[in-house]
2 protein chains.
Amino acid sequence: MSRLNIQHAEHARHHPLFTENPALWENLGGSLRLQHVQGGDRVLTYGDAATSLWLVYRGWVKLTRQTPDGKETVIGLRTEGEILGEASLFANASYPYTAEIVGADAELASVSAVSVQALISKDARLSSRIMALLNERMVQAQLKLEHMSTMSAAQRLGCFLLQLCHTQAGGAKTLQIPVEKNVLAAYLGMKPETLSRSQQQLKPLGISVDGHQISIGSIERLRDFVCESCSQSGSCAIDESD
Amino acid sequence: MSRLNIQHAEHARHHPLFTENPALWENLGGSLRLQHVQGGDRVLTYGDAATSLWLVYRGWVKLTRQTPDGKETVIGLRTEGEILGEASLFANASYPYTAEIVGADAELASVSAVSVQALISKDARLSSRIMALLNERMVQAQLKLEHMSTMSAAQRLGCFLLQLCHTQAGGAKTLQIPVEKNVLAAYLGMKPETLSRSQQQLKPLGISVDGHQISIGSIERLRDFVCESCSQSGSCAIDESD
């Protein structure tokens with residue numbers, strides 16, 4: 001683990017948490033610690049005291065839980081610019097999932113729960129911003145649940161890809177998704193063979209898959225296919241930050 | 001709409017928002033306004049400015065959204081003691097769903113967004129409590145999503161019933177659920193015929209359905225059947241308030 005250097009700090013500054021709260025950046029930016037983590041390594045463990053908030057700087061993280069009858073469920077996939085361990089925002093909370101790096105490796109920045117909680121208790125505008133972020137996250141979870149009923153598997157895969165595009169613009173885009181097929185399928189709530197079939201169904205729309213690289217010929221065309229079955233069509237959290 | 005009378009006020013006081021924040025009750029309790037709403041009537045509309053926070057005092061509310069291709073999705077069912085319109089906690093937000101009364105009628109208490117926001121900005125402990133509530137709501141939405149993969153339809157129905165029992169104790173319980181089969185099925189993410197089949201599958205566990213009345217012979221037995229396929233087994237938000 002190493003002190004966050006200037007380059008990394010500048011990158012982290014672009015997280016919505018900081019861009020919308022410059023004061024937070026001034027107070028926390030210097031306390032961020034960078035950790036380089038190998039693929040397969042665990043960042044945090046379900047049930048442990050939530051002592052840190054994490055920011056994904058580069059790479060992919062898989063969030064899982066186990067059921068008593070032995071199933072592993074993938075409840076989240078987080079990548080660049082997203083946070084982990086939001087439970088650390090609350091006193092005496094524990095992590096509600098285990099987080100492990102997928103792909104070759106990743107870089108994460110962490111900050112102690114104590115520092116964040118102290119800041120929140122002093123700054124009402126910050127609390128209000130964090131509440132809005134939590135609410136947005138909840139709306140996203142509800143939306144994903146809605147999609148289980150309203151969307152086909154191919155549309156759900158398309159929606160996942162659109163979110164990774166981080167843009168409301170059209171045009172083409174190439175994405176690197178170093179997540180194994182069974183993990184991605186589990187996250188999308190489908191079987192691996194359904195994921196393969198969905199990839200085939202997206203081909204006529206100009207989506208091609210080559211290993212972990214996915215090329216999208218026309219974001220607009222993909223959006224036409226996906227968003228007509230979503231109640232938030234056109235106003236979801238796909239942002240324009242990129 | 002009428003000013004909340006003493007009896008209603010005493011009831012609303014038992015909402016977690018108030019039991020864990022007596023100061024909030026002292027500041028808002030007197031501003032709560034009671035509304036008696038007929039079945040089928042609309043309480044709030046998707047996209048409208050979120051000007052009020054609502055507390056369900058009695059009855060059932062269905063939260064829906066429409067997709068552009070014409071599907072209605074049931075994203076929530078709220079009953080006694082629960083809140084509606086949490087978007088009103090944030091400045092300039094709009095309601096992310098339409099809320100309509102199901103069953104014969106309902107009683108709701110409302111309070112203006114302005115009053116709530118003013119209180120939050122003055123009280124850091126209150127913000128922190130509301131953040132925790134939002135996080136809990138998000139964890140519940142994630143859990144419901146997880147159940148789409150880990151649970152059978154009968155287990156998902158069982159989980160919904162357990163949540164309505166509001167207890168960690170065993171024993172028997174009778175519930176009144178005046179929600180039409182197609183609405184309940186949509187909420188649970190299954191077809192109406194799957195819901196009927198699920199009810200049949202729960203019969204050997206001592207669950208019997210008579211119109212809108214559901215009798216649970218042994219909560220413990222139902223929990224054994226449901227919770228082994230849930231990663232939060234034994235530690236979910238089923239509270240002990242009842």
# chains A, B, ... in the order shown; residues from 1 in each chain; ligands from 1
>>> residues_around(residues="range 40-55 of chain A", least_positions_apart="5", cutoff="7 Å", atoms="only C-alpha atoms", output="PyMOL selection string")
chain A and resi 81-88+93-102+108-113
>>> select_by_dssp(residues="range 18-144 of chain A", states="strand (DSSP E)", output="number ranges by chain")
A: 33-38, 42-44, 52-66, 72-79, 83-84, 98-112
>>> write_last_selection(atoms="C-alpha atoms", output="PDB file, in the first residue's frame")
ATOM      1  CA  ARG A  33      -4.244   5.617   0.133  1.00  0.00           C
ATOM      2  CA  LEU A  34      -3.602   3.675  -3.022  1.00  0.00           C
ATOM      3  CA  GLN A  35      -3.500  -0.120  -3.005  1.00  0.00           C
ATOM      4  CA  HIS A  36      -2.429  -2.270  -5.928  1.00  0.00           C
ATOM      5  CA  VAL A  37      -4.330  -5.573  -5.768  1.00  0.00           C
ATOM      6  CA  GLN A  38      -3.778  -8.772  -7.783  1.00  0.00           C
ATOM      7  CA  ARG A  42      -9.925 -10.055  -1.674  1.00  0.00           C
ATOM      8  CA  VAL A  43     -10.394  -6.372  -0.822  1.00  0.00           C
ATOM      9  CA  LEU A  44     -12.982  -6.727   1.923  1.00  0.00           C
ATOM     10  CA  SER A  52     -12.842   1.833   5.016  1.00  0.00           C
ATOM     11  CA  LEU A  53     -14.477   3.404   2.006  1.00  0.00           C
ATOM     12  CA  TRP A  54     -12.875   2.406  -1.313  1.00  0.00           C
ATOM     13  CA  LEU A  55     -12.704   4.081  -4.678  1.00  0.00           C
ATOM     14  CA  VAL A  56     -11.939   1.978  -7.746  1.00  0.00           C
ATOM     15  CA  TYR A  57      -9.151   3.702  -9.629  1.00  0.00           C
ATOM     16  CA  ARG A  58      -8.512   1.049 -12.290  1.00  0.00           C
ATOM     17  CA  GLY A  59      -9.768  -2.499 -12.885  1.00  0.00           C
ATOM     18  CA  TRP A  60     -12.816  -4.511 -11.893  1.00  0.00           C
ATOM     19  CA  VAL A  61     -14.184  -5.703  -8.564  1.00  0.00           C
ATOM     20  CA  LYS A  62     -16.759  -8.447  -8.038  1.00  0.00           C
ATOM     21  CA  LEU A  63     -19.132  -8.159  -5.045  1.00  0.00           C
ATOM     22  CA  THR A  64     -20.496 -11.489  -3.839  1.00  0.00           C
ATOM     23  CA  ARG A  65     -22.465 -13.125  -1.071  1.00  0.00           C
ATOM     24  CA  GLN A  66     -23.001 -16.757  -0.124  1.00  0.00           C
ATOM     25  CA  GLU A  72     -22.492 -17.683  -4.595  1.00  0.00           C
ATOM     26  CA  THR A  73     -24.408 -14.660  -5.815  1.00  0.00           C
ATOM     27  CA  VAL A  74     -22.772 -11.787  -7.668  1.00  0.00           C
ATOM     28  CA  ILE A  75     -24.570  -8.722  -6.364  1.00  0.00           C
ATOM     29  CA  GLY A  76     -22.366  -6.139  -8.009  1.00  0.00           C
ATOM     30  CA  LEU A  77     -19.540  -5.370 -10.411  1.00  0.00           C
ATOM     31  CA  ARG A  78     -17.684  -2.121  -9.775  1.00  0.00           C
ATOM     32  CA  THR A  79     -15.158  -0.471 -12.019  1.00  0.00           C
ATOM     33  CA  ILE A  83     -17.050   3.194  -4.768  1.00  0.00           C
ATOM     34  CA  LEU A  84     -17.006   0.104  -2.508  1.00  0.00           C
ATOM     35  CA  THR A  98     -17.215  -9.739  -0.116  1.00  0.00           C
ATOM     36  CA  ALA A  99     -15.205  -7.831  -2.738  1.00  0.00           C
ATOM     37  CA  GLU A 100     -12.615  -9.535  -4.944  1.00  0.00           C
ATOM     38  CA  ILE A 101     -10.577  -8.298  -7.890  1.00  0.00           C
ATOM     39  CA  VAL A 102     -11.470  -9.841 -11.265  1.00  0.00           C
ATOM     40  CA  GLY A 103      -9.138  -9.613 -14.235  1.00  0.00           C
ATOM     41  CA  ALA A 104      -5.352  -9.311 -13.911  1.00  0.00           C
ATOM     42  CA  ASP A 105      -5.123  -6.655 -11.196  1.00  0.00           C
ATOM     43  CA  ALA A 106      -6.618  -3.374 -10.005  1.00  0.00           C
ATOM     44  CA  GLU A 107      -5.802  -0.157  -8.210  1.00  0.00           C
ATOM     45  CA  LEU A 108      -8.032   1.102  -5.441  1.00  0.00           C
ATOM     46  CA  ALA A 109      -7.861   4.130  -3.178  1.00  0.00           C
ATOM     47  CA  SER A 110      -9.118   3.799   0.384  1.00  0.00           C
ATOM     48  CA  VAL A 111      -9.976   6.219   3.152  1.00  0.00           C
ATOM     49  CA  SER A 112     -10.866   5.393   6.756  1.00  0.00           C
TER      50      SER A 112
END
>>> select_by_dssp(residues="chain B", states="alpha helix (DSSP H)", output="number ranges by chain")
B: 6-12, 16-19, 22-28, 113-122, 124-150, 153-165, 181-187, 192-202, 219-227
>>> residues_around(residues="Arg129 in chain A", least_positions_apart="5", cutoff="12 Å", atoms="only C-alpha atoms", output="list in words")
Pro16, Leu17, Phe18, Thr19, Glu20, Asn21, Pro22, Leu24, Ile120, Asp123, Ala124, Leu134, Asn135 and Glu136 of chain A; Leu89, Phe90, Ala91, Ser121, Ser127, Ser128 and Met131 of chain B
>>> write_last_selection(atoms="N, CA, C and O atoms", output="compact mmCIF listing (two decimals), in the first residue's frame")
# COMPACT_ATOMS: atom_id res chain seq x y z
N PRO A 16 -17.72 11.49 -8.90
CA PRO A 16 -18.85 12.40 -8.60
C PRO A 16 -18.85 12.88 -7.15
O PRO A 16 -19.22 14.03 -6.87
N LEU A 17 -18.42 12.02 -6.25
CA LEU A 17 -18.40 12.39 -4.83
C LEU A 17 -17.54 13.63 -4.63
O LEU A 17 -17.84 14.48 -3.79
N PHE A 18 -16.44 13.73 -5.40
CA PHE A 18 -15.52 14.86 -5.26
C PHE A 18 -15.88 16.03 -6.17
O PHE A 18 -15.80 17.19 -5.76
N THR A 19 -16.31 15.72 -7.43
CA THR A 19 -16.60 16.84 -8.34
C THR A 19 -17.76 17.67 -7.81
O THR A 19 -17.79 18.87 -7.97
N GLU A 20 -18.70 17.00 -7.11
CA GLU A 20 -19.84 17.76 -6.60
C GLU A 20 -19.60 18.29 -5.19
O GLU A 20 -20.44 18.98 -4.63
N ASN A 21 -18.48 17.91 -4.60
CA ASN A 21 -18.13 18.39 -3.27
C ASN A 21 -16.64 18.72 -3.20
O ASN A 21 -15.86 17.98 -2.61
N PRO A 22 -16.25 19.82 -3.78
CA PRO A 22 -14.83 20.18 -3.78
C PRO A 22 -14.27 20.21 -2.35
O PRO A 22 -13.10 19.86 -2.14
N LEU A 24 -14.96 18.26 0.03
CA LEU A 24 -14.67 16.87 0.42
C LEU A 24 -13.31 16.47 -0.12
O LEU A 24 -12.50 15.84 0.56
N ILE A 120 -18.77 14.04 7.53
CA ILE A 120 -20.22 14.08 7.32
C ILE A 120 -20.91 14.78 8.48
O ILE A 120 -21.81 15.59 8.30
N ASP A 123 -20.68 18.57 8.09
CA ASP A 123 -21.07 19.25 6.86
C ASP A 123 -22.43 18.78 6.34
O ASP A 123 -22.54 17.72 5.73
N ALA A 124 -23.47 19.58 6.58
CA ALA A 124 -24.83 19.17 6.21
C ALA A 124 -24.98 19.01 4.69
O ALA A 124 -25.70 18.14 4.23
N LEU A 134 -26.90 7.79 -2.39
CA LEU A 134 -27.47 6.52 -1.92
C LEU A 134 -28.82 6.28 -2.57
O LEU A 134 -29.16 5.17 -2.96
N ASN A 135 -29.61 7.36 -2.68
CA ASN A 135 -30.92 7.24 -3.28
C ASN A 135 -30.81 6.82 -4.75
O ASN A 135 -31.54 5.95 -5.22
N GLU A 136 -29.83 7.41 -5.44
CA GLU A 136 -29.58 7.09 -6.84
C GLU A 136 -29.21 5.60 -6.97
O GLU A 136 -29.70 4.91 -7.86
N LEU B 89 -36.89 13.95 0.13
CA LEU B 89 -35.78 14.26 1.04
C LEU B 89 -34.69 15.07 0.34
O LEU B 89 -33.84 15.66 0.98
N PHE B 90 -34.71 15.06 -0.99
CA PHE B 90 -33.65 15.73 -1.76
C PHE B 90 -34.19 16.94 -2.51
O PHE B 90 -35.29 16.90 -3.04
N ALA B 91 -33.40 17.98 -2.57
CA ALA B 91 -33.83 19.20 -3.24
C ALA B 91 -34.08 18.95 -4.73
O ALA B 91 -33.35 18.19 -5.37
N SER B 121 -31.29 19.67 7.34
CA SER B 121 -30.13 20.56 7.21
C SER B 121 -29.66 21.07 8.57
O SER B 121 -28.53 21.51 8.72
N SER B 127 -29.70 13.39 9.60
CA SER B 127 -29.19 13.04 8.26
C SER B 127 -28.60 11.66 8.31
O SER B 127 -28.81 10.84 7.42
N SER B 128 -27.83 11.42 9.35
CA SER B 128 -27.13 10.14 9.45
C SER B 128 -28.12 8.98 9.55
O SER B 128 -27.95 7.93 8.94
N MET B 131 -29.69 8.51 6.14
CA MET B 131 -28.75 7.82 5.26
C MET B 131 -28.77 6.32 5.53
O MET B 131 -28.76 5.51 4.62
>>> interface_residues(of="chain A", to="chain B", cutoff="6 Å", atoms="only C-alpha atoms", output="ChimeraX atom specification")
/A:65-69,121,124,131,138,141-142,145,149,189,228-231
>>> write_last_selection(atoms="C-alpha atoms", output="PDB file, in the first residue's frame")
ATOM      1  CA  ARG A  65     -22.465 -13.125  -1.071  1.00  0.00           C
ATOM      2  CA  GLN A  66     -23.001 -16.757  -0.124  1.00  0.00           C
ATOM      3  CA  THR A  67     -26.346 -18.392   0.629  1.00  0.00           C
ATOM      4  CA  PRO A  68     -26.555 -21.054   3.370  1.00  0.00           C
ATOM      5  CA  ASP A  69     -27.315 -23.681   0.715  1.00  0.00           C
ATOM      6  CA  SER A 121     -21.140  15.025  10.868  1.00  0.00           C
ATOM      7  CA  ALA A 124     -24.831  19.171   6.210  1.00  0.00           C
ATOM      8  CA  MET A 131     -28.045  10.840   0.701  1.00  0.00           C
ATOM      9  CA  MET A 138     -31.272   2.486  -4.695  1.00  0.00           C
ATOM     10  CA  ALA A 141     -31.106  -1.418  -7.896  1.00  0.00           C
ATOM     11  CA  GLN A 142     -34.880  -1.058  -8.271  1.00  0.00           C
ATOM     12  CA  LEU A 145     -35.081  -5.491 -10.606  1.00  0.00           C
ATOM     13  CA  SER A 149     -39.536  -8.486 -15.747  1.00  0.00           C
ATOM     14  CA  GLY A 189     -29.208 -12.821 -13.478  1.00  0.00           C
ATOM     15  CA  GLU A 228     -37.878   1.080 -25.009  1.00  0.00           C
ATOM     16  CA  SER A 229     -38.387  -1.601 -22.347  1.00  0.00           C
ATOM     17  CA  CYS A 230     -37.186   0.564 -19.446  1.00  0.00           C
ATOM     18  CA  SER A 231     -39.362   2.990 -17.502  1.00  0.00           C
TER      19      SER A 231
END
>>> decode(residues="range 122-134 of chain A", atoms="all heavy atoms", output="compact mmCIF listing (two decimals), in the first residue's frame")
# COMPACT_ATOMS: atom_id res chain seq x y z
N LYS A 122 -19.93 17.07 10.25
CA LYS A 122 -19.66 18.52 10.31
C LYS A 122 -20.32 19.29 9.17
O LYS A 122 -20.47 20.49 9.24
CB LYS A 122 -18.14 18.77 10.25
CG LYS A 122 -17.45 18.60 11.59
CD LYS A 122 -16.01 19.09 11.51
CE LYS A 122 -15.17 18.21 10.59
NZ LYS A 122 -13.75 18.50 10.56
N ASP A 123 -20.68 18.57 8.09
CA ASP A 123 -21.07 19.25 6.86
C ASP A 123 -22.43 18.78 6.34
O ASP A 123 -22.54 17.72 5.73
CB ASP A 123 -19.95 19.00 5.82
CG ASP A 123 -20.19 19.74 4.51
OD1 ASP A 123 -21.32 20.20 4.27
OD2 ASP A 123 -19.24 19.84 3.73
N ALA A 124 -23.47 19.58 6.58
CA ALA A 124 -24.83 19.17 6.21
C ALA A 124 -24.98 19.01 4.69
O ALA A 124 -25.70 18.14 4.23
CB ALA A 124 -25.84 20.19 6.73
N ARG A 125 -24.27 19.87 3.92
CA ARG A 125 -24.41 19.78 2.47
C ARG A 125 -23.82 18.47 1.96
O ARG A 125 -24.30 17.87 1.01
CB ARG A 125 -23.71 20.96 1.78
CG ARG A 125 -24.57 22.22 1.81
CD ARG A 125 -24.03 23.26 0.88
NE ARG A 125 -22.69 22.94 0.40
CZ ARG A 125 -22.19 23.35 -0.75
NH1 ARG A 125 -22.93 24.06 -1.56
NH2 ARG A 125 -20.95 23.06 -1.10
N LEU A 126 -22.76 18.02 2.64
CA LEU A 126 -22.13 16.75 2.27
C LEU A 126 -23.09 15.59 2.57
O LEU A 126 -23.28 14.69 1.74
CB LEU A 126 -20.81 16.58 3.02
CG LEU A 126 -20.11 15.25 2.81
CD1 LEU A 126 -19.81 15.01 1.33
CD2 LEU A 126 -18.82 15.20 3.61
N SER A 127 -23.72 15.61 3.73
CA SER A 127 -24.69 14.55 4.07
C SER A 127 -25.76 14.51 3.00
O SER A 127 -26.17 13.44 2.55
CB SER A 127 -25.42 14.83 5.38
OG SER A 127 -24.54 15.26 6.36
N SER A 128 -26.22 15.70 2.63
CA SER A 128 -27.31 15.76 1.68
C SER A 128 -26.88 15.17 0.33
O SER A 128 -27.62 14.44 -0.32
CB SER A 128 -27.75 17.22 1.57
OG SER A 128 -28.17 17.52 0.29
N ARG A 129 -25.64 15.44 -0.08
CA ARG A 129 -25.13 14.90 -1.34
C ARG A 129 -24.99 13.38 -1.26
O ARG A 129 -25.31 12.65 -2.19
CB ARG A 129 -23.78 15.56 -1.66
CG ARG A 129 -23.10 15.05 -2.91
CD ARG A 129 -23.92 15.28 -4.17
NE ARG A 129 -23.47 14.38 -5.23
CZ ARG A 129 -24.24 13.85 -6.15
NH1 ARG A 129 -25.53 14.12 -6.18
NH2 ARG A 129 -23.75 13.03 -7.05
N ILE A 130 -24.53 12.89 -0.10
CA ILE A 130 -24.36 11.45 0.05
C ILE A 130 -25.72 10.75 0.08
O ILE A 130 -25.90 9.68 -0.49
CB ILE A 130 -23.50 11.12 1.29
CG1 ILE A 130 -22.06 11.55 0.99
CG2 ILE A 130 -23.57 9.64 1.65
CD1 ILE A 130 -21.09 11.33 2.09
N MET A 131 -26.68 11.41 0.72
CA MET A 131 -28.05 10.84 0.70
C MET A 131 -28.55 10.72 -0.73
O MET A 131 -29.14 9.71 -1.11
CB MET A 131 -28.99 11.73 1.50
CG MET A 131 -28.99 11.40 2.96
SD MET A 131 -30.38 12.20 3.80
CE MET A 131 -29.67 13.77 4.17
N ALA A 132 -28.29 11.76 -1.54
CA ALA A 132 -28.74 11.73 -2.93
C ALA A 132 -28.04 10.60 -3.70
O ALA A 132 -28.67 9.90 -4.50
CB ALA A 132 -28.48 13.07 -3.60
N LEU A 133 -26.74 10.38 -3.42
CA LEU A 133 -26.01 9.30 -4.08
C LEU A 133 -26.59 7.94 -3.70
O LEU A 133 -26.75 7.04 -4.53
CB LEU A 133 -24.53 9.31 -3.68
CG LEU A 133 -23.56 10.18 -4.49
CD1 LEU A 133 -22.16 10.06 -3.90
CD2 LEU A 133 -23.53 9.74 -5.96
N LEU A 134 -26.90 7.79 -2.39
CA LEU A 134 -27.47 6.52 -1.92
C LEU A 134 -28.82 6.28 -2.57
O LEU A 134 -29.16 5.17 -2.96
CB LEU A 134 -27.62 6.53 -0.40
CG LEU A 134 -26.34 6.42 0.41
CD1 LEU A 134 -26.63 6.65 1.89
CD2 LEU A 134 -25.69 5.06 0.20
